[in-house]
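Novice: What follows is my_file-v3.txt; its format and atoms are compact mmCIF, C-alpha atoms.
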# COMPACT_ATOMS: atom_id res chain seq x y z
CA MET Q 4 58.35 42.30 13.74
CA LYS Q 5 57.61 45.49 11.81
CA PHE Q 6 59.69 48.60 11.17
CA ALA Q 7 58.18 51.95 10.19
CA VAL Q 8 60.29 54.21 7.97
CA ILE Q 9 58.84 57.71 8.19
CA VAL Q 10 58.78 59.60 4.89
CA PHE Q 11 58.78 63.40 4.97
CA PRO Q 12 58.64 65.56 1.85
CA GLY Q 13 62.34 65.67 0.95
CA SER Q 14 63.42 62.44 2.67
CA ASN Q 15 65.87 60.68 0.36
CA CYS Q 16 67.44 57.86 2.37
CA ASP Q 17 64.12 56.14 3.03
CA HIS Q 18 64.65 53.54 0.30
CA ASP Q 19 68.20 52.83 1.46
CA ALA Q 20 66.84 52.14 4.94
CA TYR Q 21 64.10 49.95 3.47
CA TYR Q 22 66.67 48.03 1.43
CA ALA Q 23 68.95 47.43 4.42
CA LEU Q 24 66.15 46.30 6.71
CA ASN Q 25 63.97 44.39 4.28
CA LYS Q 26 66.16 43.11 1.45
CA ILE Q 27 69.28 42.39 3.49
CA LEU Q 28 67.85 41.56 6.90
CA GLY Q 29 64.42 40.27 5.86
CA VAL Q 30 62.40 42.41 8.26
CA GLU Q 31 58.92 43.67 7.37
CA VAL Q 32 59.12 47.41 6.68
CA ASN Q 33 56.44 49.94 5.77
CA PHE Q 34 56.89 53.48 4.55
CA ILE Q 35 54.77 55.84 6.64
CA TRP Q 36 53.92 59.20 5.08
CA HIS Q 37 54.40 62.08 7.49
CA LYS Q 38 50.69 63.02 7.30
CA GLU Q 39 49.74 59.75 8.96
CA SER Q 40 48.93 59.82 12.64
CA SER Q 41 49.22 56.24 13.88
CA LEU Q 42 52.16 53.90 14.39
CA GLU Q 43 50.15 51.23 16.16
CA ASN Q 44 51.66 47.74 15.79
CA TYR Q 45 55.15 48.89 14.84
CA ASN Q 46 58.08 47.57 16.86
CA ALA Q 47 60.64 50.13 15.75
CA ILE Q 48 60.69 53.49 13.97
CA LEU Q 49 63.32 54.93 11.63
CA LEU Q 50 63.58 58.60 10.66
CA PRO Q 51 65.66 58.62 7.48
CA GLY Q 52 68.12 61.10 6.07
CA GLY Q 53 67.37 63.67 3.43
CA PHE Q 54 66.30 67.26 3.29
CA SER Q 55 62.85 67.33 4.87
CA TYR Q 56 60.99 70.46 3.72
CA GLY Q 57 64.09 71.44 1.78
CA ASP Q 58 65.85 72.33 5.06
CA TYR Q 59 63.73 75.50 5.06
CA LEU Q 60 64.17 77.66 8.18
CA ARG Q 61 66.50 75.18 9.91
CA THR Q 62 67.19 71.49 9.30
CA GLY Q 63 64.40 69.44 10.84
CA ALA Q 64 62.55 72.51 12.15
CA ILE Q 65 59.39 72.13 10.09
CA ALA Q 66 59.32 68.32 10.08
CA LYS Q 67 58.92 68.35 13.84
CA TYR Q 68 55.38 69.71 13.32
CA SER Q 69 54.41 67.00 10.82
CA PRO Q 70 51.36 65.12 12.13
CA ILE Q 71 53.28 61.83 12.54
CA MET Q 72 55.74 63.40 14.99
CA LYS Q 73 53.15 63.52 17.80
CA GLU Q 74 52.84 59.77 17.42
CA VAL Q 75 56.63 59.30 17.21
CA ILE Q 76 56.97 61.19 20.51
CA ARG Q 77 54.17 59.12 22.05
CA CYS Q 78 55.89 55.90 20.93
CA SER Q 79 59.23 57.06 22.33
CA LYS Q 80 57.59 57.49 25.73
CA LYS Q 81 56.33 53.90 25.49
CA GLY Q 82 59.92 52.72 25.01
CA ILE Q 83 59.65 51.86 21.28
CA PRO Q 84 63.13 51.99 19.69
CA ILE Q 85 63.55 55.02 17.43
CA ILE Q 86 66.58 55.69 15.26
CA GLY Q 87 67.12 59.01 13.46
CA ILE Q 88 69.83 59.10 10.83
CA CYS Q 89 71.30 62.36 9.50
CA ASN Q 90 68.23 64.52 8.79
CA GLY Q 91 66.35 62.11 11.07
CA PHE Q 92 68.78 63.04 13.86
CA GLN Q 93 68.25 66.73 13.08
CA ILE Q 94 64.48 66.20 13.39
CA LEU Q 95 64.85 64.37 16.74
CA ILE Q 96 66.93 67.29 18.03
CA GLU Q 97 64.44 69.91 16.85
CA ALA Q 98 61.59 67.89 18.38
CA GLY Q 99 63.40 67.98 21.73
CA MET Q 100 63.70 64.17 21.85
CA LEU Q 101 67.48 64.46 22.08
CA PRO Q 102 69.49 67.30 23.65
CA GLY Q 103 71.87 69.77 21.99
CA ALA Q 104 71.98 71.29 18.53
CA LEU Q 105 73.32 70.43 15.09
CA ILE Q 106 74.86 73.47 13.45
CA LYS Q 107 76.76 74.12 10.24
CA ASN Q 108 79.92 72.13 9.64
CA LYS Q 109 82.96 73.95 10.88
CA ASN Q 110 84.46 74.23 7.40
CA THR Q 111 81.12 75.60 6.02
CA LYS Q 112 80.99 72.82 3.42
CA PHE Q 113 78.75 69.84 2.75
CA ILE Q 114 80.93 66.81 3.55
CA SER Q 115 80.40 63.46 1.86
CA LYS Q 116 83.09 61.02 2.98
CA MET Q 117 83.69 57.62 4.51
CA VAL Q 118 84.65 58.06 8.17
CA SER Q 119 85.65 55.85 11.07
CA LEU Q 120 83.57 55.76 14.27
CA ASP Q 121 84.43 54.42 17.70
CA ILE Q 122 81.76 52.58 19.67
CA GLU Q 123 81.47 54.50 22.93
CA THR Q 124 78.90 52.29 24.56
CA ASN Q 125 77.57 48.89 23.63
CA ASN Q 126 75.13 49.16 26.49
CA SER Q 127 72.14 49.98 24.29
CA LEU Q 128 69.73 48.11 22.09
CA PHE Q 129 71.31 49.80 19.06
CA THR Q 130 74.95 48.93 19.79
CA LYS Q 131 74.95 45.71 21.76
CA ASN Q 132 76.33 43.70 18.82
CA TYR Q 133 79.54 45.74 18.95
CA LYS Q 134 82.33 45.84 21.51
CA ASN Q 135 83.26 49.04 23.29
CA GLY Q 136 86.19 50.59 21.48
CA ASP Q 137 85.40 48.85 18.17
CA SER Q 138 85.98 51.06 15.14
CA ILE Q 139 83.51 50.86 12.30
CA SER Q 140 83.40 52.75 9.03
CA MET Q 141 80.42 54.31 7.32
CA PRO Q 142 79.73 57.43 5.26
CA ILE Q 143 78.72 60.87 6.39
CA ALA Q 144 76.88 63.20 4.00
CA HIS Q 145 75.74 66.44 5.58
CA GLY Q 146 76.19 70.19 5.74
CA GLU Q 147 74.87 70.64 9.27
CA GLY Q 148 76.16 67.85 11.45
CA ASN Q 149 78.33 69.80 13.84
CA TYR Q 150 76.93 68.61 17.18
CA GLN Q 151 77.11 71.13 20.02
CA THR Q 152 75.87 71.28 23.59
CA ASP Q 153 76.53 73.32 26.69
CA LYS Q 154 78.94 71.89 29.28
CA ASP Q 155 76.18 70.63 31.59
CA THR Q 156 74.46 68.67 28.83
CA LEU Q 157 77.77 67.20 27.72
CA LYS Q 158 78.47 66.08 31.27
CA GLN Q 159 75.01 64.50 31.50
CA LEU Q 160 75.56 62.67 28.22
CA LYS Q 161 78.83 61.28 29.55
CA ASP Q 162 77.51 60.50 33.05
CA ASN Q 163 74.44 58.70 31.69
CA ASP Q 164 76.47 56.73 29.13
CA CYS Q 165 74.47 58.33 26.32
CA ILE Q 166 77.26 58.90 23.80
CA ALA Q 167 76.85 56.02 21.36
CA PHE Q 168 79.46 56.88 18.72
CA LYS Q 169 82.42 59.21 18.41
CA TYR Q 170 84.36 60.06 15.29
CA SER Q 171 87.74 58.34 15.46
CA ASN Q 172 90.85 60.53 15.71
CA SER Q 173 91.12 62.88 12.72
CA HIS Q 174 87.70 61.78 11.44
CA ASN Q 175 85.75 64.56 13.16
CA LEU Q 176 85.33 66.55 9.96
CA ASN Q 177 82.31 68.64 10.99
CA GLY Q 178 83.71 70.04 14.26
CA SER Q 179 81.37 68.27 16.70
CA ILE Q 180 82.05 68.80 20.38
CA ALA Q 181 83.92 65.87 22.00
CA ASN Q 182 83.96 64.15 18.56
CA ILE Q 183 80.32 63.14 19.06
CA ALA Q 184 78.73 61.33 16.10
CA GLY Q 185 75.67 59.79 17.73
CA ILE Q 186 73.79 60.08 21.02
CA LEU Q 187 71.11 58.25 22.98
CA ASN Q 188 68.34 59.64 25.12
CA LYS Q 189 68.52 58.90 28.84
CA GLU Q 190 66.12 55.96 28.50
CA LYS Q 191 68.31 54.66 25.65
CA ASN Q 192 65.45 53.87 23.30
CA VAL Q 193 66.13 56.85 21.01
CA LEU Q 194 69.32 57.07 18.95
CA GLY Q 195 70.32 59.97 16.73
CA MET Q 196 73.40 59.81 14.53
CA MET Q 197 74.81 61.80 11.62
CA PRO Q 198 76.67 58.93 9.85
CA HIS Q 199 74.68 56.58 7.60
CA PRO Q 200 74.64 52.93 8.75
CA GLU Q 201 72.03 52.08 6.10
CA ARG Q 202 74.64 52.95 3.45
CA ALA Q 203 77.19 50.63 5.06
CA CYS Q 204 75.38 47.31 5.05
CA GLU Q 205 77.08 45.50 2.16
CA LYS Q 206 80.76 45.12 1.31
CA ILE Q 207 80.11 46.33 -2.23
CA LEU Q 208 79.25 49.73 -0.72
CA GLY Q 209 82.68 49.99 0.89
CA SER Q 210 81.61 48.84 4.35
CA ASP Q 211 79.14 46.44 5.89
CA GLN Q 212 79.95 47.55 9.42
CA GLY Q 213 76.80 49.61 9.87
CA ILE Q 214 74.54 46.59 9.73
CA GLY Q 215 75.38 45.77 13.34
CA ILE Q 216 73.14 48.63 14.45
CA PHE Q 217 70.10 47.15 12.73
CA LYS Q 218 71.01 43.63 13.81
CA SER Q 219 71.30 44.86 17.41
CA MET Q 220 67.86 46.46 17.14
CA ILE Q 221 66.27 43.38 15.61
CA GLY Q 222 67.88 41.18 18.23
CA SER Q 223 66.35 43.33 20.96
CA LEU Q 224 62.78 43.23 19.65
CA MET H 14 49.73 95.06 10.91
CA LYS H 15 53.09 93.47 10.34
CA ALA H 16 55.75 91.75 12.44
CA LYS H 17 59.40 92.32 11.61
CA ILE H 18 61.42 89.50 13.11
CA TYR H 19 65.19 89.34 13.47
CA ILE H 20 66.90 86.06 14.31
CA LYS H 21 70.58 85.67 14.99
CA TYR H 22 72.96 83.12 16.42
CA LYS H 23 73.60 83.36 20.13
CA GLU H 24 77.05 84.44 21.13
CA GLY H 25 79.56 81.62 20.94
CA ILE H 26 77.67 79.72 18.23
CA LEU H 27 79.87 79.16 15.22
CA ASP H 28 78.73 81.26 12.25
CA PRO H 29 80.79 79.95 9.34
CA GLN H 30 78.75 81.94 6.82
CA GLY H 31 79.51 85.17 8.65
CA LYS H 32 83.17 84.25 8.89
CA THR H 33 83.41 83.42 5.19
CA VAL H 34 81.69 86.66 4.20
CA HIS H 35 84.02 88.55 6.54
CA ASN H 36 87.02 86.98 4.80
CA ALA H 37 85.58 87.89 1.39
CA LEU H 38 85.03 91.51 2.46
CA GLU H 39 88.60 91.71 3.68
CA SER H 40 89.86 90.28 0.41
CA MET H 41 88.01 93.16 -1.29
CA ASP H 42 90.23 95.50 0.72
CA LEU H 43 87.36 96.60 2.97
CA LYS H 44 89.26 96.96 6.22
CA ASN H 45 88.20 97.75 9.78
CA ILE H 46 85.34 95.28 9.92
CA SER H 47 85.74 93.43 13.19
CA CYS H 48 82.99 90.83 12.82
CA VAL H 49 80.21 89.76 10.43
CA THR H 50 77.26 87.69 11.60
CA ILE H 51 74.52 86.43 9.34
CA GLY H 52 71.00 85.96 10.64
CA LYS H 53 67.46 85.85 9.31
CA TYR H 54 64.87 88.51 8.75
CA ILE H 55 61.24 87.41 8.58
CA GLU H 56 58.09 89.46 7.94
CA MET H 57 54.64 88.27 8.92
CA ASP H 58 51.47 90.07 7.84
CA PHE H 59 48.36 89.81 9.97
CA ASN H 60 44.66 89.93 9.42
CA ASN H 61 42.77 92.68 11.15
CA ILE H 62 43.82 92.00 14.77
CA SER H 63 44.97 94.05 17.73
CA LYS H 64 48.62 94.89 18.34
CA ASN H 65 48.52 92.80 21.51
CA ASP H 66 47.30 89.75 19.63
CA ALA H 67 49.91 90.26 16.92
CA ASP H 68 52.54 90.51 19.62
CA SER H 69 51.52 87.27 21.29
CA ILE H 70 51.24 85.36 17.98
CA THR H 71 54.70 86.55 16.96
CA GLU H 72 56.19 85.63 20.33
CA LYS H 73 54.71 82.13 20.11
CA SER H 74 55.86 81.71 16.48
CA CYS H 75 59.41 82.65 17.41
CA ARG H 76 59.52 80.47 20.47
CA LYS H 77 57.99 77.37 18.92
CA LEU H 78 59.23 77.42 15.34
CA LEU H 79 61.09 80.38 13.90
CA ALA H 80 64.08 80.34 16.25
CA ASN H 81 65.90 77.45 17.91
CA PRO H 82 66.24 78.46 21.56
CA ASN H 83 69.45 76.41 21.86
CA THR H 84 71.35 78.31 19.21
CA GLU H 85 69.43 81.43 18.25
CA SER H 86 68.02 84.56 19.81
CA TYR H 87 65.25 86.70 18.34
CA THR H 88 63.81 90.17 18.55
CA PHE H 89 60.79 91.56 16.78
CA GLU H 90 58.73 94.67 16.32
CA ILE H 91 55.08 95.02 15.42
CA VAL H 92 54.43 97.85 13.00
CA GLU H 93 51.13 99.29 11.91
CA GLU H 94 51.03 100.03 8.22
CA LEU H 95 49.19 102.95 6.68
What is this file in structure tokens?
Specialist:
Amino acid sequence: MKFAVIVFPGSNCDHDAYYALNKILGVEVNFIWHKESSLENYNAILLPGGFSYGDYLRTGAIAKYSPIMKEVIRCSKKGIPIIGICNGFQILIEAGMLPGALIKNKNTKFISKMVSLDIETNNSLFTKNYKNGDSISMPIAHGEGNYQTDKDTLKQLKDNDCIAFKYSNSHNLNGSIANIAGILNKEKNVLGMMPHPERACEKILGSDQGIGIFKSMIGSL
Amino acid sequence: MKAKIYIKYKEGILDPQGKTVHNALESMDLKNISCVTIGKYIEMDFNNISKNDADSITEKSCRKLLANPNTESYTFEIVEEL
């Protein structure tokens, strides 16, 4: 089993993801530079957090045209599990792999805080190790994580059971619509989320409750 | 030949920067401003091509990269420089 962690210029959570997957969970992980064009033989793909291309133009906007993204899109169509965390989520949105938009936090500030999330569906390969309604804590660290959609898209997300995580009551600090913290595509093999599970994989970090996402993925491969 | 491109948030999209600047202007005692929105202004210079070509390149650039169709709208003008 092999994970690919995509590295864009400006990615800065790539090593955290590597540590969680390889050092804690013992999975083989390779860093894949964004100029590469093949992800043959990888079982899962992770787009890490950071500031790809310095957030120039819009978060994730330029990364979507990195050569590797054509291959990421191709893999998503083959059903390969893809998780985008923070800036990785922003890239998935810009690439049109997930619906909606991530705009500036409502309070205009960069927010770095531990928050509580509610599991909205455990019916996915990313969340099956949790129970619906479980609350888990992990950090957020972003300036543009305010998730917004039009009403129709929101209804589709609900109807198709594609809302993976919501911020618990009073933990929706960025102003996201319907408290949304993470969403799945319709096929449920692509997950985008603003909070950082890779930074919540050991008790010494304040929470180890994010590891369930990676364990769920590994258990599904 | 040059494209002058203006990008702004669509109506209803939260513009916290605009709001903050509006508050700051009011705190400077500049009254009667009803709304401030902050967008982007981009210039693109072209090689020696026709206005039609410049127009279609600019349109494609806006649609595919410069603006996010979910949250932003754009307008542009092509100007010929002396």
Novice: In Å to one decimal, how far is atom CA of Ser41 of chain Q from atom CA of Val75 of chain Q?
Specialist: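 According to the coordinates, atom CA of Val75 of chain Q and atom CA of Ser41 of chain Q are separated by 8.7 Å.
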Novice: If we count only C-alpha atoms and set the cut-off at 7 Å, which residues sit around segment 65-78 of chain H, ignoring sequence neighbours fewer than 2 positions away in its own chain? Please answer as number ranges by chain.
Specialist: Q: 64; H: 16, 62-63, 80, 91
Novice: Select, counting all atoms listed in the file, all protein, DNA and RNA residues no farther than 7 Å from (63.6, 66.8, 13.0) in file coordinates, and express the selection as a ChimeraX atom specification.
Specialist: /Q:62-64,66-67,90-98
Novice: Restricting the calculation to only C-alpha atoms, which member of Q:Ile207, Q:Leu105, Q:Cys89, Q:Leu194 is positioned closest to Gly52 of chain Q?
Specialist: Q:Cys89
Novice: List as a ChimeraX atom specification the protein and nucleic acid residues near segment 29-41 of chain H, meaning an atom at most 8 Å away when all atoms listed in the file are counted, but skip any in the same chain fewer than 5 places from it.
Specialist: /Q:107-111 /H:46,48-51
Novice: So that I can check the surroundings of Val92 of chain H, please list as a list in words every protein, DNA and RNA residue that reaches within 10 Å of it, counting all atoms listed in the file and ignoring chain neighbours fewer than 5 positions away.
Specialist: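 Counting all atoms listed in the file, the residues come to Met14, Lys15, Ala16, Lys17, Asp58, Lys64 and Ala67 of chain H.
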Novice: Using all atoms listed in the file, pick whichever of Q:Ser40, Q:Asn188, Q:Asn15, Q:Asn177 has the shortest atom-to-atom distance to Glu74 of chain Q.
Specialist: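 Smallest distance to Glu74 of chain Q is found for Q:Ser40.
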Novice: What lies within 9 Å of Ile166 of chain Q using all atoms listed in the file, ignoring chain neighbours under 5 positions off, as a PDB file with C-alpha atoms, in the coordinates of the input?
Specialist:
ATOM      1  CA  ILE Q 122      81.760  52.580  19.670  1.00  0.00           C
ATOM      2  CA  GLU Q 123      81.470  54.500  22.930  1.00  0.00           C
ATOM      3  CA  THR Q 124      78.900  52.290  24.560  1.00  0.00           C
ATOM      4  CA  LEU Q 160      75.560  62.670  28.220  1.00  0.00           C
ATOM      5  CA  LYS Q 161      78.830  61.280  29.550  1.00  0.00           C
ATOM      6  CA  ILE Q 183      80.320  63.140  19.060  1.00  0.00           C
ATOM      7  CA  ALA Q 184      78.730  61.330  16.100  1.00  0.00           C
ATOM      8  CA  GLY Q 185      75.670  59.790  17.730  1.00  0.00           C
ATOM      9  CA  ILE Q 186      73.790  60.080  21.020  1.00  0.00           C
ATOM     10  CA  LEU Q 187      71.110  58.250  22.980  1.00  0.00           C
TER      11      LEU Q 187
END
Novice: Need to verify the contact set: Ile20 of chain H, 8 Å, only C-alpha atoms, exclusion of same-chain residues closer than 6 positions in sequence. Can you return it as a ChimeraX atom specification?
Specialist: /H:52-54,80,85-88
Novice: Restricting the output to C-alpha atoms, write the selected residues as a PDB file, keeping the file's coordinate frame.
Specialist:
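And here's again12.pdb as it stands now:
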ATOM      1  CA  GLY H  52      71.000  85.960  10.640  1.00  0.00           C
ATOM      2  CA  LYS H  53      67.460  85.850   9.310  1.00  0.00           C
ATOM      3  CA  TYR H  54      64.870  88.510   8.750  1.00  0.00           C
ATOM      4  CA  ALA H  80      64.080  80.340  16.250  1.00  0.00           C
ATOM      5  CA  GLU H  85      69.430  81.430  18.250  1.00  0.00           C
ATOM      6  CA  SER H  86      68.020  84.560  19.810  1.00  0.00           C
ATOM      7  CA  TYR H  87      65.250  86.700  18.340  1.00  0.00           C
ATOM      8  CA  THR H  88      63.810  90.170  18.550  1.00  0.00           C
TER       9      THR H  88
END
Novice: Counting only C-alpha atoms, which of Q:Gly82, Q:Asp153, Q:Gly99, Q:Ser210 gets nearest to Ser138 of chain Q?
Specialist: Q:Ser210
Novice: What are the nearest atom pairs, with distances in Å to one decimal, for all residues of segment 38-124 of chain Q that come at most 10 Å from segment 17-23 of chain Q, using only C-alpha atoms, set out by chain and rising residue number as a tab-separated table?
Specialist:
residue	atom	partner	partner_atom	distance
Q:Leu49	CA	Q:Ala20	CA	8.1
Q:Leu50	CA	Q:Asp17	CA	8.0
Q:Pro51	CA	Q:Asp17	CA	5.3
Q:Gly52	CA	Q:Asp17	CA	7.1
Q:Gly53	CA	Q:Asp17	CA	8.2
Q:Ile88	CA	Q:Ala20	CA	9.6
Novice: Hey, which of H:Leu79, H:Ser47, H:Tyr22, H:Ile55 ends up closest to chain Q? Count all atoms listed in the file.
Specialist: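 Comparing H:Leu79, H:Ser47, H:Tyr22, H:Ile55 against chain Q, the winner is H:Leu79.
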Novice: Have a look at atom CA of Lys218 of chain Q and atom CA of Leu120 of chain Q and let me know their distance in Å, one decimal.
Specialist: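 If I compute the distance from atom CA of Lys218 of chain Q to atom CA of Leu120 of chain Q, I get 17.5 Å.
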Novice: Using atom CA of Glu39 of chain Q and atom CA of Ile71 of chain Q as the two end points, give the distance in Å to one decimal.
Specialist: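 Between atom CA of Glu39 of chain Q and atom CA of Ile71 of chain Q the gap works out to 5.4 Å.
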